[in-house]
Amino acid sequence: MNFKTSRTVMWIGFVIGIIVALIGTSGGNEVTNPWLFGIGMVIFILSLLQAFIFYRCPICGYSLMNVKGCIPKYCPKCGEVINDVQR
Ligand SMILES: [Zn+2]
């Protein structure tokens, strides 16, 4: 998977996971639907896990999870330009 796609998938997973989990709690503090809440948590965790696997520098493989904010223009480890790389 492309590291940019991975980042997008991560955020979509976060949003969907949180929404599904919130539906499982009916918006309150009590879990009214454990299944929905569980599925939401699984989606959230899976989206995070795939980001640790795929959200990496395409050149040296350095995990970009260590970089805060948006996708960096340069890899903090190898210094290569990564935000313009189309692969
Ligand atoms: Zn790199």
# chains A, B, ... in the order shown; residues from 1 in each chain; ligands from 1
>>> closest_atom_pairs(of="chain A", to="ligand 1", cutoff="8 Å", atoms="only C-alpha atoms and all ligand atoms", output="tab-separated table")
residue	atom	partner	partner_atom_place_in_ligand_line	distance
A:Arg56	CA	ligand 1	1 (Zn)	7.9
A:Cys57	CA	ligand 1	1 (Zn)	4.6
A:Pro58	CA	ligand 1	1 (Zn)	6.6
A:Ile59	CA	ligand 1	1 (Zn)	5.0
A:Cys60	CA	ligand 1	1 (Zn)	4.0
A:Gly61	CA	ligand 1	1 (Zn)	5.9
A:Tyr62	CA	ligand 1	1 (Zn)	5.4
A:Tyr74	CA	ligand 1	1 (Zn)	7.8
A:Cys75	CA	ligand 1	1 (Zn)	4.6
A:Pro76	CA	ligand 1	1 (Zn)	6.7
A:Lys77	CA	ligand 1	1 (Zn)	5.2
A:Cys78	CA	ligand 1	1 (Zn)	4.2
A:Gly79	CA	ligand 1	1 (Zn)	6.2
A:Glu80	CA	ligand 1	1 (Zn)	5.9
A:Ile82	CA	ligand 1	1 (Zn)	7.7
>>> write_last_selection(atoms="all heavy atoms", output="mmCIF file, in the first residue's frame")
data_model
loop_
_atom_site.group_PDB
_atom_site.id
_atom_site.type_symbol
_atom_site.label_atom_id
_atom_site.label_comp_id
_atom_site.auth_asym_id
_atom_site.auth_seq_id
_atom_site.Cartn_x
_atom_site.Cartn_y
_atom_site.Cartn_z
ATOM 1 N N ARG A 56 5.170 4.463 5.965
ATOM 2 C CA ARG A 56 6.615 4.529 6.104
ATOM 3 C C ARG A 56 7.222 5.254 4.919
ATOM 4 O O ARG A 56 6.606 5.376 3.870
ATOM 5 C CB ARG A 56 7.194 3.108 6.147
ATOM 6 C CG ARG A 56 6.819 2.365 7.412
ATOM 7 C CD ARG A 56 7.330 0.951 7.386
ATOM 8 N NE ARG A 56 7.044 0.289 8.657
ATOM 9 C CZ ARG A 56 7.821 0.396 9.733
ATOM 10 N NH1 ARG A 56 8.937 1.074 9.666
ATOM 11 N NH2 ARG A 56 7.476 -0.176 10.862
ATOM 12 N N CYS A 57 8.458 5.694 5.102
ATOM 13 C CA CYS A 57 9.208 6.296 4.003
ATOM 14 C C CYS A 57 9.341 5.254 2.897
ATOM 15 O O CYS A 57 9.775 4.135 3.160
ATOM 16 C CB CYS A 57 10.585 6.730 4.501
ATOM 17 S SG CYS A 57 11.725 7.168 3.172
ATOM 18 N N PRO A 58 8.951 5.615 1.634
ATOM 19 C CA PRO A 58 9.023 4.636 0.537
ATOM 20 C C PRO A 58 10.461 4.299 0.136
ATOM 21 O O PRO A 58 10.682 3.327 -0.567
ATOM 22 C CB PRO A 58 8.272 5.327 -0.606
ATOM 23 C CG PRO A 58 8.280 6.765 -0.272
ATOM 24 C CD PRO A 58 8.354 6.887 1.224
ATOM 25 N N ILE A 59 11.414 5.106 0.591
ATOM 26 C CA ILE A 59 12.808 4.860 0.210
ATOM 27 C C ILE A 59 13.532 4.006 1.265
ATOM 28 O O ILE A 59 14.099 2.968 0.944
ATOM 29 C CB ILE A 59 13.568 6.183 -0.041
ATOM 30 C CG1 ILE A 59 13.008 6.855 -1.287
ATOM 31 C CG2 ILE A 59 15.066 5.939 -0.242
ATOM 32 C CD1 ILE A 59 12.253 8.115 -1.067
ATOM 33 N N CYS A 60 13.495 4.433 2.532
ATOM 34 C CA CYS A 60 14.275 3.699 3.535
ATOM 35 C C CYS A 60 13.401 2.895 4.506
ATOM 36 O O CYS A 60 13.911 2.103 5.279
ATOM 37 C CB CYS A 60 15.174 4.660 4.324
ATOM 38 S SG CYS A 60 14.276 5.749 5.437
ATOM 39 N N GLY A 61 12.092 3.105 4.470
ATOM 40 C CA GLY A 61 11.218 2.329 5.339
ATOM 41 C C GLY A 61 11.061 2.887 6.743
ATOM 42 O O GLY A 61 10.482 2.236 7.613
ATOM 43 N N TYR A 62 11.560 4.096 6.994
ATOM 44 C CA TYR A 62 11.428 4.712 8.313
ATOM 45 C C TYR A 62 9.961 5.005 8.612
ATOM 46 O O TYR A 62 9.242 5.544 7.763
ATOM 47 C CB TYR A 62 12.247 6.005 8.336
ATOM 48 C CG TYR A 62 12.163 6.771 9.629
ATOM 49 C CD1 TYR A 62 12.871 6.350 10.753
ATOM 50 C CD2 TYR A 62 11.389 7.935 9.720
ATOM 51 C CE1 TYR A 62 12.804 7.056 11.937
ATOM 52 C CE2 TYR A 62 11.324 8.641 10.906
ATOM 53 C CZ TYR A 62 12.024 8.199 12.015
ATOM 54 O OH TYR A 62 11.943 8.906 13.177
ATOM 55 N N TYR A 74 10.361 15.916 3.439
ATOM 56 C CA TYR A 74 11.570 15.109 3.422
ATOM 57 C C TYR A 74 11.498 14.032 4.504
ATOM 58 O O TYR A 74 10.946 14.270 5.585
ATOM 59 C CB TYR A 74 12.810 15.973 3.686
ATOM 60 C CG TYR A 74 12.975 17.094 2.698
ATOM 61 C CD1 TYR A 74 12.503 18.365 2.992
ATOM 62 C CD2 TYR A 74 13.589 16.876 1.474
ATOM 63 C CE1 TYR A 74 12.636 19.405 2.087
ATOM 64 C CE2 TYR A 74 13.733 17.904 0.554
ATOM 65 C CZ TYR A 74 13.254 19.171 0.858
ATOM 66 O OH TYR A 74 13.387 20.194 -0.038
ATOM 67 N N CYS A 75 12.075 12.877 4.219
ATOM 68 C CA CYS A 75 12.154 11.836 5.226
ATOM 69 C C CYS A 75 13.126 12.281 6.306
ATOM 70 O O CYS A 75 14.233 12.711 6.000
ATOM 71 C CB CYS A 75 12.640 10.538 4.582
ATOM 72 S SG CYS A 75 13.042 9.269 5.786
ATOM 73 N N PRO A 76 12.722 12.219 7.599
ATOM 74 C CA PRO A 76 13.608 12.665 8.680
ATOM 75 C C PRO A 76 14.835 11.764 8.834
ATOM 76 O O PRO A 76 15.820 12.164 9.438
ATOM 77 C CB PRO A 76 12.721 12.603 9.925
ATOM 78 C CG PRO A 76 11.603 11.704 9.564
ATOM 79 C CD PRO A 76 11.419 11.777 8.074
ATOM 80 N N LYS A 77 14.785 10.564 8.286
ATOM 81 C CA LYS A 77 15.911 9.654 8.439
ATOM 82 C C LYS A 77 16.891 9.721 7.265
ATOM 83 O O LYS A 77 18.067 10.008 7.451
ATOM 84 C CB LYS A 77 15.411 8.209 8.605
ATOM 85 C CG LYS A 77 16.538 7.263 8.908
ATOM 86 C CD LYS A 77 16.041 6.027 9.629
ATOM 87 C CE LYS A 77 17.221 5.171 10.085
ATOM 88 N NZ LYS A 77 17.133 3.810 9.569
ATOM 89 N N CYS A 78 16.398 9.473 6.044
ATOM 90 C CA CYS A 78 17.314 9.435 4.895
ATOM 91 C C CYS A 78 17.386 10.763 4.160
ATOM 92 O O CYS A 78 18.254 10.946 3.309
ATOM 93 C CB CYS A 78 16.932 8.296 3.947
ATOM 94 S SG CYS A 78 15.349 8.520 3.119
ATOM 95 N N GLY A 79 16.468 11.717 4.477
ATOM 96 C CA GLY A 79 16.530 13.041 3.872
ATOM 97 C C GLY A 79 16.009 13.116 2.455
ATOM 98 O O GLY A 79 16.077 14.166 1.822
ATOM 99 N N GLU A 80 15.479 12.008 1.926
ATOM 100 C CA GLU A 80 14.956 12.019 0.555
ATOM 101 C C GLU A 80 13.606 12.751 0.526
ATOM 102 O O GLU A 80 12.867 12.729 1.502
ATOM 103 C CB GLU A 80 14.740 10.583 0.068
ATOM 104 C CG GLU A 80 16.024 9.789 -0.136
ATOM 105 C CD GLU A 80 16.793 10.225 -1.380
ATOM 106 O OE1 GLU A 80 16.165 10.814 -2.274
ATOM 107 O OE2 GLU A 80 18.007 9.963 -1.427
ATOM 108 N N ILE A 82 9.961 12.884 -0.058
ATOM 109 C CA ILE A 82 8.990 11.789 -0.132
ATOM 110 C C ILE A 82 7.588 12.270 -0.494
ATOM 111 O O ILE A 82 6.783 11.509 -0.965
ATOM 112 C CB ILE A 82 8.933 10.979 1.192
ATOM 113 C CG1 ILE A 82 8.736 11.916 2.383
ATOM 114 C CG2 ILE A 82 10.175 10.143 1.344
ATOM 115 C CD1 ILE A 82 8.554 11.184 3.685
#
>>> select_by_dssp(residues="chain A", states="helix (DSSP H, G or I)", output="PyMOL selection string")
chain A and resi 3-24+34-54+64-66
>>> residues_around(residues="Gly24 in chain A", least_positions_apart="2", cutoff="6 Å", atoms="only C-alpha atoms", output="PyMOL selection string")
chain A and resi 21-22+26+31-33+36-37
>>> write_last_selection(atoms="C-alpha atoms", output="PDB file, in the first residue's frame")
ATOM      1  CA  ALA A  21     -18.200   3.030  18.916  1.00  0.00           C
ATOM      2  CA  LEU A  22     -20.249   6.125  19.797  1.00  0.00           C
ATOM      3  CA  SER A  26     -25.789   5.851  22.241  1.00  0.00           C
ATOM      4  CA  VAL A  31     -22.138   0.948  26.444  1.00  0.00           C
ATOM      5  CA  THR A  32     -25.625   0.069  25.218  1.00  0.00           C
ATOM      6  CA  ASN A  33     -24.467  -2.121  22.326  1.00  0.00           C
ATOM      7  CA  LEU A  36     -21.094  -2.085  17.911  1.00  0.00           C
ATOM      8  CA  PHE A  37     -18.732  -0.641  20.476  1.00  0.00           C
TER       9      PHE A  37
END
>>> atom_distance(atom1="CA of Phe14 in chain A", atom2="CA of Asn29 in chain A")
19.1 Å
>>> atom_distance(atom1="CA of Ile39 in chain A", atom2="CA of Thr25 in chain A")
12.1 Å
